[in-house]
file upload20.tsv (TSV, C-alpha atoms)
chain	number	residue	atom	x	y	z
Z	1	MET	CA	-77.98	-17.67	164.20
Z	2	VAL	CA	-75.88	-19.79	161.86
Z	3	GLN	CA	-78.05	-22.07	159.75
Z	4	THR	CA	-76.84	-25.66	159.29
Z	5	VAL	CA	-77.41	-27.37	155.96
Z	6	GLN	CA	-76.64	-31.03	155.35
Z	7	ALA	CA	-74.36	-31.56	152.36
Z	8	SER	CA	-76.57	-34.46	151.31
Z	9	ASP	CA	-79.50	-32.02	150.99
Z	10	LEU	CA	-77.78	-29.79	148.41
Z	11	SER	CA	-78.51	-30.16	144.70
Z	12	LEU	CA	-75.77	-29.92	142.10
Z	13	HIS	CA	-77.03	-26.47	141.10
Z	14	GLU	CA	-76.89	-25.31	144.73
Z	15	VAL	CA	-73.35	-26.63	145.19
Z	16	LYS	CA	-72.19	-24.87	142.02
Z	17	GLN	CA	-73.79	-21.62	143.13
Z	18	LYS	CA	-72.52	-21.72	146.71
Z	19	PHE	CA	-68.90	-22.51	145.78
Z	20	GLY	CA	-68.75	-20.73	142.42
Z	21	LEU	CA	-67.96	-23.97	140.55
Z	22	GLN	CA	-68.08	-24.37	136.79
Z	23	GLU	CA	-68.07	-27.61	134.83
Z	24	ASN	CA	-65.17	-27.96	132.40
Z	25	LYS	CA	-66.25	-30.09	129.44
Z	26	ASP	CA	-62.85	-30.08	127.73
Z	27	ILE	CA	-61.86	-33.70	127.11
Z	28	ASP	CA	-58.27	-32.88	128.09
Z	29	PHE	CA	-59.20	-31.56	131.54
Z	30	PHE	CA	-58.46	-35.00	132.96
Z	31	THR	CA	-56.61	-36.68	130.11
Z	32	LYS	CA	-55.79	-39.91	131.90
Z	33	TRP	CA	-59.45	-40.88	131.91
Z	34	TRP	CA	-59.04	-41.59	128.22
Z	35	LYS	CA	-55.40	-42.35	127.48
Z	36	ASP	CA	-52.12	-43.56	128.96
Z	37	LEU	CA	-53.82	-45.58	131.69
Z	38	PRO	CA	-51.71	-48.16	133.54
Z	39	GLU	CA	-51.95	-51.68	132.14
Z	40	LEU	CA	-53.64	-54.31	134.27
Z	41	THR	CA	-52.08	-57.73	134.71
Z	42	ASP	CA	-53.92	-60.90	133.76
Z	43	VAL	CA	-54.20	-61.73	137.46
Z	44	GLU	CA	-55.80	-58.34	138.18
Z	45	LYS	CA	-58.25	-58.77	135.30
Z	46	ARG	CA	-59.29	-62.19	136.58
Z	47	SER	CA	-59.77	-60.71	140.05
Z	48	LEU	CA	-61.94	-57.93	138.63
Z	49	ASP	CA	-63.98	-60.43	136.61
Z	50	GLN	CA	-64.64	-62.38	139.80
Z	51	LEU	CA	-65.44	-59.15	141.68
Z	52	LYS	CA	-68.02	-58.21	139.06
Z	53	ALA	CA	-69.60	-61.67	139.15
Z	54	ASP	CA	-69.73	-61.67	142.96
Z	55	PHE	CA	-71.34	-58.24	143.13
Z	56	LEU	CA	-73.94	-58.93	140.46
Z	57	TYR	CA	-74.94	-62.08	142.32
Z	58	LEU	CA	-75.19	-60.29	145.67
Z	59	ASN	CA	-77.02	-57.38	144.03
Z	60	GLU	CA	-79.97	-59.67	143.32
Z	61	TYR	CA	-80.81	-58.98	146.96
Z	62	PRO	CA	-80.94	-55.61	148.81
Z	63	LEU	CA	-77.41	-54.37	149.50
Z	64	SER	CA	-76.57	-51.87	152.23
Z	65	GLU	CA	-74.01	-49.09	151.95
Z	66	GLU	CA	-71.64	-51.10	154.15
Z	67	ALA	CA	-71.94	-54.11	151.85
Z	68	VAL	CA	-71.14	-52.00	148.79
Z	69	LYS	CA	-67.98	-50.68	150.48
Z	70	LEU	CA	-66.91	-54.14	151.60
Z	71	VAL	CA	-67.57	-55.99	148.35
Z	72	VAL	CA	-66.64	-53.36	145.73
Z	73	VAL	CA	-64.84	-50.26	147.03
Z	74	SER	CA	-62.31	-51.87	149.35
Z	75	PRO	CA	-60.85	-54.33	146.78
Z	76	LEU	CA	-60.53	-51.55	144.20
Z	77	LEU	CA	-58.66	-49.25	146.61
Z	78	ALA	CA	-56.37	-52.12	147.59
Z	79	MET	CA	-55.57	-52.94	143.96
Z	80	ALA	CA	-54.76	-49.27	143.27
Z	81	GLY	CA	-52.30	-49.15	146.18
Z	82	PHE	CA	-54.18	-46.79	148.49
Z	83	TYR	CA	-53.59	-49.06	151.48
Z	84	ARG	CA	-49.81	-48.72	151.20
Z	85	ALA	CA	-47.30	-45.95	151.89
Z	86	PRO	CA	-47.34	-43.02	151.37
Z	87	PHE	CA	-51.14	-43.06	151.73
Z	88	ARG	CA	-53.07	-43.04	154.98
Z	89	LEU	CA	-56.72	-43.96	155.16
Z	90	LYS	CA	-59.28	-42.28	157.38
Z	91	THR	CA	-62.81	-43.66	157.29
Z	92	GLU	CA	-66.17	-42.19	158.23
Z	93	ALA	CA	-64.70	-38.70	158.60
Z	94	SER	CA	-67.06	-35.94	159.70
Z	95	VAL	CA	-66.72	-32.81	157.58
Z	96	GLN	CA	-68.11	-29.34	158.22
Z	97	ILE	CA	-68.17	-26.82	155.40
Z	98	ALA	CA	-68.35	-23.12	156.30
Z	99	LEU	CA	-69.93	-20.88	153.67
Z	100	GLU	CA	-68.67	-17.30	153.82
Z	101	ASP	CA	-71.14	-14.42	153.94
Z	102	GLU	CA	-74.18	-16.67	153.78
Z	103	GLY	CA	-74.68	-17.24	157.49
Z	104	GLU	CA	-74.93	-20.99	157.13
Z	105	MET	CA	-72.84	-24.11	157.40
Z	106	VAL	CA	-72.96	-27.19	155.19
Z	107	ARG	CA	-72.31	-30.34	157.21
Z	108	GLY	CA	-71.97	-33.87	155.95
Z	109	ARG	CA	-70.12	-37.17	156.23
Z	110	ILE	CA	-67.49	-38.54	153.88
Z	111	ASP	CA	-67.74	-42.31	153.69
Z	112	VAL	CA	-64.11	-42.98	152.75
Z	113	LEU	CA	-61.33	-40.39	152.79
Z	114	VAL	CA	-57.84	-41.21	151.56
Z	115	LEU	CA	-55.18	-38.87	152.92
Z	116	GLN	CA	-51.55	-38.41	151.94
Z	117	ASP	CA	-49.48	-36.40	154.39
Z	118	GLN	CA	-52.68	-34.68	155.58
Z	119	PHE	CA	-53.64	-33.72	152.03
Z	120	TRP	CA	-57.02	-34.57	150.54
Z	121	VAL	CA	-56.14	-36.66	147.52
Z	122	LEU	CA	-59.14	-38.87	146.91
Z	123	VAL	CA	-62.68	-38.88	148.23
Z	124	VAL	CA	-64.82	-41.97	147.71
Z	125	GLU	CA	-68.56	-41.59	148.19
Z	126	SER	CA	-70.22	-44.97	148.73
Z	127	LYS	CA	-74.00	-45.05	148.52
Z	128	GLU	CA	-76.52	-47.85	148.70
Z	129	ALA	CA	-76.91	-49.90	145.53
Z	130	GLY	CA	-79.56	-48.25	143.37
Z	131	PHE	CA	-78.87	-44.75	144.76
Z	132	SER	CA	-78.81	-42.05	142.07
Z	133	LEU	CA	-75.28	-40.77	141.43
Z	134	LYS	CA	-76.55	-37.28	140.58
Z	135	GLU	CA	-77.11	-36.38	144.24
Z	136	ALA	CA	-73.88	-38.08	145.29
Z	137	ILE	CA	-71.81	-36.04	142.82
Z	138	ALA	CA	-73.19	-32.84	144.33
Z	139	GLN	CA	-72.30	-34.09	147.81
Z	140	ALA	CA	-68.79	-35.12	146.71
Z	141	LEU	CA	-68.13	-31.72	145.10
Z	142	ALA	CA	-69.24	-29.98	148.28
Z	143	TYR	CA	-66.70	-31.98	150.26
Z	144	MET	CA	-63.93	-31.51	147.67
Z	145	ALA	CA	-64.46	-27.74	147.72
Z	146	THR	CA	-63.31	-27.65	151.36
Z	147	THR	CA	-59.75	-28.80	150.63
Z	148	SER	CA	-57.21	-26.86	152.67
Z	149	HIS	CA	-54.61	-27.30	149.91
Z	150	PRO	CA	-56.26	-25.61	146.95
Z	151	GLU	CA	-53.10	-25.71	144.86
Z	152	LYS	CA	-53.56	-29.48	144.42
Z	153	PRO	CA	-56.36	-31.18	142.49
Z	154	ALA	CA	-59.05	-32.97	144.48
Z	155	PHE	CA	-60.52	-36.21	143.20
Z	156	SER	CA	-63.57	-38.31	144.00
Z	157	LEU	CA	-65.07	-41.61	143.00
Z	158	VAL	CA	-68.84	-41.87	143.36
Z	159	THR	CA	-70.36	-45.33	143.17
Z	160	ASN	CA	-73.48	-47.23	144.09
Z	161	GLY	CA	-71.66	-50.49	143.40
Z	162	THR	CA	-73.17	-50.89	139.93
Z	163	GLU	CA	-72.22	-47.49	138.46
Z	164	PHE	CA	-69.05	-45.41	138.82
Z	165	LEU	CA	-68.30	-41.73	138.23
Z	166	PHE	CA	-65.00	-39.94	138.79
Z	167	ALA	CA	-64.76	-36.22	139.45
Z	168	LYS	CA	-61.83	-33.81	139.51
Z	169	LEU	CA	-61.84	-30.32	141.01
Z	170	LEU	CA	-59.26	-27.55	140.58
Z	171	LYS	CA	-59.88	-25.13	143.45
Z	172	PRO	CA	-57.99	-22.06	142.07
Z	173	SER	CA	-60.03	-21.99	138.86
Z	174	ALA	CA	-63.17	-23.43	140.54
Z	175	GLN	CA	-63.50	-25.88	137.65
Z	176	TYR	CA	-64.59	-29.49	137.86
Z	177	ALA	CA	-65.28	-32.34	135.46
Z	178	CYS	CA	-66.90	-35.73	135.66
Z	179	SER	CA	-65.95	-38.86	133.78
Z	180	ASP	CA	-68.19	-40.87	131.53
Z	181	LEU	CA	-70.43	-43.24	133.44
Z	182	LEU	CA	-68.87	-46.64	134.01
Z	183	THR	CA	-71.26	-49.48	134.78
Z	184	LEU	CA	-71.33	-53.19	135.49
Z	185	GLN	CA	-74.46	-53.52	133.36
Z	186	ARG	CA	-72.36	-53.77	130.19
Z	187	ARG	CA	-71.05	-57.08	128.91
Z	188	ALA	CA	-67.54	-55.66	128.97
Z	189	ASN	CA	-66.07	-55.30	132.46
Z	190	ASP	CA	-65.90	-51.57	133.21
Z	191	LEU	CA	-64.08	-52.41	136.45
Z	192	TYR	CA	-60.95	-52.59	134.28
Z	193	ALA	CA	-61.31	-48.87	133.56
Z	194	VAL	CA	-62.20	-48.04	137.17
Z	195	ALA	CA	-59.12	-49.87	138.48
Z	196	SER	CA	-56.84	-48.31	135.85
Z	197	ILE	CA	-58.05	-44.78	136.62
Z	198	LEU	CA	-57.56	-45.36	140.36
Z	199	LYS	CA	-54.04	-46.63	139.67
Z	200	SER	CA	-53.32	-43.58	137.53
Z	201	ILE	CA	-54.40	-41.22	140.32
Z	202	SER	CA	-52.50	-43.23	142.92
Z	203	GLN	CA	-49.28	-43.20	140.92
Z	204	ALA	CA	-49.50	-39.50	140.11
Z	205	ILE	CA	-50.21	-38.20	143.60
Z	206	GLY	CA	-48.24	-40.88	145.40
Z	207	THR	CA	-44.94	-40.69	143.57
Z	208	THR	CA	-44.71	-37.02	142.58
Z	209	PRO	CA	-47.22	-35.10	144.71
Z	210	ASN	CA	-45.45	-31.78	144.19
Z	211	SER	CA	-45.23	-32.03	140.42
Z	212	PRO	CA	-48.44	-30.68	138.87
Z	213	GLU	CA	-47.48	-31.59	135.32
Z	214	THR	CA	-47.62	-35.31	136.18
Z	215	THR	CA	-51.01	-35.09	137.83
Z	216	PRO	CA	-53.91	-36.40	135.70

call {"tool": "encode", "arguments": {"input": "upload20.tsv", "output": "structure tokens"}}
result
Amino acid sequence: MVQTVQASDLSLHEVKQKFGLQENKDIDFFTKWWKDLPELTDVEKRSLDQLKADFLYLNEYPLSEEAVKLVVVSPLLAMAGFYRAPFRLKTEASVQIALEDEGEMVRGRIDVLVLQDQFWVLVVESKEAGFSLKEAIAQALAYMATTSHPEKPAFSLVTNGTEFLFAKLLKPSAQYACSDLLTLQRRANDLYAVASILKSISQAIGTTPNSPETTP
């Protein structure tokens, strides 16, 4: 009998073992996390300042996963252009992950899935405020490992509303990397960096999806 395992139940170590993934700690693995990011306009910066203030106020009270998506994730995706052509958005997608030769299946739910021409281009895992990102990264990597277009990088943004982590996975080499932790707990507004990175990914995969040398 095939055993079913929830993706949310897998640890990072288990995900790495099951899919043969290795972390790439080279700073140039995803260079646009650190340099050549798109500039934000003054209007966008003011919007992000207000977004941060609104969330920190609301976060004084318990926030559900749906509230985090509504207040934080949706405005960021809109600013990055993921609600416009050529992107198509599919929400609450159910994903099943078949593991070869292990007699089991990993099954889980992706909270937000951005698709371009049926390609997985960005996965956003939205968890309740206060949820540890360590478990969410493992879940995101498990989903990213199922891409049916392994020649293209897979990306994810994991957030609990207060903290943000990006991940990139190259399926052929089974290598992944995570960004530095970005957080709203700093005096500086890390949403600037989050928005710029999302714009960078959007521009790269939206304008030249078949050109690997332009992909961050």

call {"tool": "residues_around", "arguments": {"input": "upload20.tsv", "residues": "Ala193 in chain Z", "least_positions_apart": "5", "cutoff": "12 Å", "atoms": "all atoms listed in the file", "output": "PyMOL selection string"}}
result
chain Z and resi 32-40+44-45+48+76+80+164-166+179-184+188+198-200

call {"tool": "closest_residue", "arguments": {"input": "upload20.tsv", "among": "Z:Ala177, Z:Ala138, Z:Val15, Z:Pro153", "to": "Ile27 in chain Z", "atoms": "all atoms listed in the file"}}
result
Z:Ala177

call {"tool": "closest_residue", "arguments": {"input": "upload20.tsv", "among": "Z:Cys178, Z:Ala204, Z:Leu169, Z:Leu70", "to": "Phe55 in chain Z", "atoms": "only C-alpha atoms"}}
result
Z:Leu70

call {"tool": "atom_distance", "arguments": {"input": "upload20.tsv", "atom1": "CA of Ser202 in chain Z", "atom2": "CA of Gly81 in chain Z"}}
result
6.8 Å

call {"tool": "closest_residue", "arguments": {"input": "upload20.tsv", "among": "Z:Ser156, Z:Gln22, Z:Ala195, Z:Glu14", "to": "Lys168 in chain Z", "atoms": "all atoms listed in the file"}}
result
Z:Ser156

call {"tool": "atom_distance", "arguments": {"input": "upload20.tsv", "atom1": "CA of Leu89 in chain Z", "atom2": "CA of Val158 in chain Z"}}
result
17.0 Å

call {"tool": "decode", "arguments": {"input": "upload20.tsv", "residues": "range 55-69 of chain Z", "atoms": "all heavy atoms", "output": "PDB file, in the first residue's frame"}}
result
ATOM      1  N   PHE Z  55       0.327  46.587   8.980  1.00  0.00           N
ATOM      2  CA  PHE Z  55       0.496  45.216   9.450  1.00  0.00           C
ATOM      3  C   PHE Z  55       0.932  45.171  10.902  1.00  0.00           C
ATOM      4  O   PHE Z  55       0.431  44.356  11.689  1.00  0.00           O
ATOM      5  CB  PHE Z  55       1.499  44.461   8.584  1.00  0.00           C
ATOM      6  CG  PHE Z  55       1.749  43.067   9.083  1.00  0.00           C
ATOM      7  CD1 PHE Z  55       0.837  42.057   8.838  1.00  0.00           C
ATOM      8  CD2 PHE Z  55       2.874  42.768   9.831  1.00  0.00           C
ATOM      9  CE1 PHE Z  55       1.043  40.771   9.327  1.00  0.00           C
ATOM     10  CE2 PHE Z  55       3.096  41.493  10.321  1.00  0.00           C
ATOM     11  CZ  PHE Z  55       2.168  40.495  10.064  1.00  0.00           C
ATOM     12  N   LEU Z  56       1.890  46.022  11.280  1.00  0.00           N
ATOM     13  CA  LEU Z  56       2.364  46.009  12.661  1.00  0.00           C
ATOM     14  C   LEU Z  56       1.241  46.368  13.631  1.00  0.00           C
ATOM     15  O   LEU Z  56       1.174  45.839  14.752  1.00  0.00           O
ATOM     16  CB  LEU Z  56       3.546  46.969  12.820  1.00  0.00           C
ATOM     17  CG  LEU Z  56       4.843  46.542  12.121  1.00  0.00           C
ATOM     18  CD1 LEU Z  56       5.932  47.576  12.332  1.00  0.00           C
ATOM     19  CD2 LEU Z  56       5.309  45.169  12.604  1.00  0.00           C
ATOM     20  N   TYR Z  57       0.350  47.254  13.206  1.00  0.00           N
ATOM     21  CA  TYR Z  57      -0.806  47.567  14.048  1.00  0.00           C
ATOM     22  C   TYR Z  57      -1.718  46.347  14.179  1.00  0.00           C
ATOM     23  O   TYR Z  57      -2.101  45.952  15.284  1.00  0.00           O
ATOM     24  CB  TYR Z  57      -1.589  48.744  13.469  1.00  0.00           C
ATOM     25  CG  TYR Z  57      -2.981  48.865  14.040  1.00  0.00           C
ATOM     26  CD1 TYR Z  57      -3.175  49.292  15.354  1.00  0.00           C
ATOM     27  CD2 TYR Z  57      -4.100  48.510  13.286  1.00  0.00           C
ATOM     28  CE1 TYR Z  57      -4.453  49.377  15.897  1.00  0.00           C
ATOM     29  CE2 TYR Z  57      -5.377  48.585  13.818  1.00  0.00           C
ATOM     30  CZ  TYR Z  57      -5.546  49.018  15.129  1.00  0.00           C
ATOM     31  OH  TYR Z  57      -6.797  49.080  15.657  1.00  0.00           O
ATOM     32  N   LEU Z  58      -2.070  45.750  13.044  1.00  0.00           N
ATOM     33  CA  LEU Z  58      -2.964  44.590  13.070  1.00  0.00           C
ATOM     34  C   LEU Z  58      -2.331  43.406  13.787  1.00  0.00           C
ATOM     35  O   LEU Z  58      -3.028  42.587  14.392  1.00  0.00           O
ATOM     36  CB  LEU Z  58      -3.331  44.188  11.633  1.00  0.00           C
ATOM     37  CG  LEU Z  58      -4.188  45.192  10.856  1.00  0.00           C
ATOM     38  CD1 LEU Z  58      -4.315  44.773   9.400  1.00  0.00           C
ATOM     39  CD2 LEU Z  58      -5.573  45.316  11.486  1.00  0.00           C
ATOM     40  N   ASN Z  59      -1.008  43.317  13.743  1.00  0.00           N
ATOM     41  CA  ASN Z  59      -0.307  42.179  14.341  1.00  0.00           C
ATOM     42  C   ASN Z  59      -0.282  42.245  15.866  1.00  0.00           C
ATOM     43  O   ASN Z  59       0.191  41.321  16.523  1.00  0.00           O
ATOM     44  CB  ASN Z  59       1.125  42.101  13.800  1.00  0.00           C
ATOM     45  CG  ASN Z  59       1.735  40.732  13.993  1.00  0.00           C
ATOM     46  OD1 ASN Z  59       1.059  39.719  13.862  1.00  0.00           O
ATOM     47  ND2 ASN Z  59       3.026  40.694  14.311  1.00  0.00           N
ATOM     48  N   GLU Z  60      -0.798  43.335  16.443  1.00  0.00           N
ATOM     49  CA  GLU Z  60      -0.944  43.394  17.890  1.00  0.00           C
ATOM     50  C   GLU Z  60      -2.031  42.433  18.365  1.00  0.00           C
ATOM     51  O   GLU Z  60      -2.125  42.125  19.553  1.00  0.00           O
ATOM     52  CB  GLU Z  60      -1.279  44.821  18.326  1.00  0.00           C
ATOM     53  CG  GLU Z  60      -0.146  45.815  18.076  1.00  0.00           C
ATOM     54  CD  GLU Z  60      -0.524  47.235  18.463  1.00  0.00           C
ATOM     55  OE1 GLU Z  60      -1.641  47.392  19.021  1.00  0.00           O
ATOM     56  OE2 GLU Z  60       0.274  48.148  18.234  1.00  0.00           O
ATOM     57  N   TYR Z  61      -2.844  41.986  17.423  1.00  0.00           N
ATOM     58  CA  TYR Z  61      -3.908  41.033  17.697  1.00  0.00           C
ATOM     59  C   TYR Z  61      -3.625  39.753  16.902  1.00  0.00           C
ATOM     60  O   TYR Z  61      -2.854  39.775  15.942  1.00  0.00           O
ATOM     61  CB  TYR Z  61      -5.272  41.610  17.293  1.00  0.00           C
ATOM     62  CG  TYR Z  61      -5.524  42.984  17.874  1.00  0.00           C
ATOM     63  CD1 TYR Z  61      -5.145  44.132  17.183  1.00  0.00           C
ATOM     64  CD2 TYR Z  61      -6.132  43.121  19.119  1.00  0.00           C
ATOM     65  CE1 TYR Z  61      -5.370  45.395  17.730  1.00  0.00           C
ATOM     66  CE2 TYR Z  61      -6.374  44.380  19.664  1.00  0.00           C
ATOM     67  CZ  TYR Z  61      -5.980  45.519  18.965  1.00  0.00           C
ATOM     68  OH  TYR Z  61      -6.201  46.748  19.497  1.00  0.00           O
ATOM     69  N   PRO Z  62      -4.231  38.626  17.263  1.00  0.00           N
ATOM     70  CA  PRO Z  62      -4.007  37.385  16.502  1.00  0.00           C
ATOM     71  C   PRO Z  62      -4.413  37.566  15.038  1.00  0.00           C
ATOM     72  O   PRO Z  62      -5.496  38.076  14.738  1.00  0.00           O
ATOM     73  CB  PRO Z  62      -4.912  36.374  17.214  1.00  0.00           C
ATOM     74  CG  PRO Z  62      -5.060  36.910  18.593  1.00  0.00           C
ATOM     75  CD  PRO Z  62      -5.091  38.401  18.447  1.00  0.00           C
ATOM     76  N   LEU Z  63      -3.529  37.152  14.134  1.00  0.00           N
ATOM     77  CA  LEU Z  63      -3.798  37.261  12.700  1.00  0.00           C
ATOM     78  C   LEU Z  63      -3.853  35.864  12.083  1.00  0.00           C
ATOM     79  O   LEU Z  63      -2.954  35.063  12.288  1.00  0.00           O
ATOM     80  CB  LEU Z  63      -2.712  38.080  11.989  1.00  0.00           C
ATOM     81  CG  LEU Z  63      -2.830  39.599  12.014  1.00  0.00           C
ATOM     82  CD1 LEU Z  63      -1.709  40.215  11.198  1.00  0.00           C
ATOM     83  CD2 LEU Z  63      -4.172  40.062  11.488  1.00  0.00           C
ATOM     84  N   SER Z  64      -4.878  35.594  11.315  1.00  0.00           N
ATOM     85  CA  SER Z  64      -5.008  34.309  10.636  1.00  0.00           C
ATOM     86  C   SER Z  64      -4.164  34.300   9.373  1.00  0.00           C
ATOM     87  O   SER Z  64      -3.681  35.335   8.901  1.00  0.00           O
ATOM     88  CB  SER Z  64      -6.470  34.043  10.271  1.00  0.00           C
ATOM     89  OG  SER Z  64      -6.886  34.952   9.260  1.00  0.00           O
ATOM     90  N   GLU Z  65      -4.011  33.095   8.813  1.00  0.00           N
ATOM     91  CA  GLU Z  65      -3.298  32.950   7.538  1.00  0.00           C
ATOM     92  C   GLU Z  65      -3.960  33.774   6.445  1.00  0.00           C
ATOM     93  O   GLU Z  65      -3.287  34.411   5.638  1.00  0.00           O
ATOM     94  CB  GLU Z  65      -3.280  31.476   7.145  1.00  0.00           C
ATOM     95  CG  GLU Z  65      -2.690  31.181   5.783  1.00  0.00           C
ATOM     96  CD  GLU Z  65      -2.785  29.705   5.454  1.00  0.00           C
ATOM     97  OE1 GLU Z  65      -2.788  28.886   6.377  1.00  0.00           O
ATOM     98  OE2 GLU Z  65      -2.863  29.390   4.265  1.00  0.00           O
ATOM     99  N   GLU Z  66      -5.289  33.796   6.409  1.00  0.00           N
ATOM    100  CA  GLU Z  66      -6.003  34.551   5.386  1.00  0.00           C
ATOM    101  C   GLU Z  66      -5.734  36.043   5.533  1.00  0.00           C
ATOM    102  O   GLU Z  66      -5.600  36.760   4.537  1.00  0.00           O
ATOM    103  CB  GLU Z  66      -7.505  34.270   5.473  1.00  0.00           C
ATOM    104  CG  GLU Z  66      -7.897  32.867   5.061  1.00  0.00           C
ATOM    105  CD  GLU Z  66      -7.456  32.540   3.642  1.00  0.00           C
ATOM    106  OE1 GLU Z  66      -7.613  33.405   2.758  1.00  0.00           O
ATOM    107  OE2 GLU Z  66      -6.947  31.436   3.432  1.00  0.00           O
ATOM    108  N   ALA Z  67      -5.647  36.528   6.769  1.00  0.00           N
ATOM    109  CA  ALA Z  67      -5.372  37.941   6.992  1.00  0.00           C
ATOM    110  C   ALA Z  67      -3.973  38.316   6.525  1.00  0.00           C
ATOM    111  O   ALA Z  67      -3.756  39.391   5.948  1.00  0.00           O
ATOM    112  CB  ALA Z  67      -5.547  38.289   8.467  1.00  0.00           C
ATOM    113  N   VAL Z  68      -3.003  37.433   6.774  1.00  0.00           N
ATOM    114  CA  VAL Z  68      -1.634  37.685   6.329  1.00  0.00           C
ATOM    115  C   VAL Z  68      -1.586  37.815   4.804  1.00  0.00           C
ATOM    116  O   VAL Z  68      -0.940  38.704   4.251  1.00  0.00           O
ATOM    117  CB  VAL Z  68      -0.683  36.568   6.814  1.00  0.00           C
ATOM    118  CG1 VAL Z  68       0.691  36.709   6.162  1.00  0.00           C
ATOM    119  CG2 VAL Z  68      -0.555  36.616   8.326  1.00  0.00           C
ATOM    120  N   LYS Z  69      -2.285  36.907   4.117  1.00  0.00           N
ATOM    121  CA  LYS Z  69      -2.302  36.962   2.646  1.00  0.00           C
ATOM    122  C   LYS Z  69      -2.957  38.234   2.157  1.00  0.00           C
ATOM    123  O   LYS Z  69      -2.487  38.869   1.215  1.00  0.00           O
ATOM    124  CB  LYS Z  69      -3.025  35.740   2.086  1.00  0.00           C
ATOM    125  CG  LYS Z  69      -2.221  34.447   2.214  1.00  0.00           C
ATOM    126  CD  LYS Z  69      -2.848  33.325   1.419  1.00  0.00           C
ATOM    127  CE  LYS Z  69      -4.142  32.848   2.044  1.00  0.00           C
ATOM    128  NZ  LYS Z  69      -4.682  31.666   1.352  1.00  0.00           N
TER     129      LYS Z  69
END
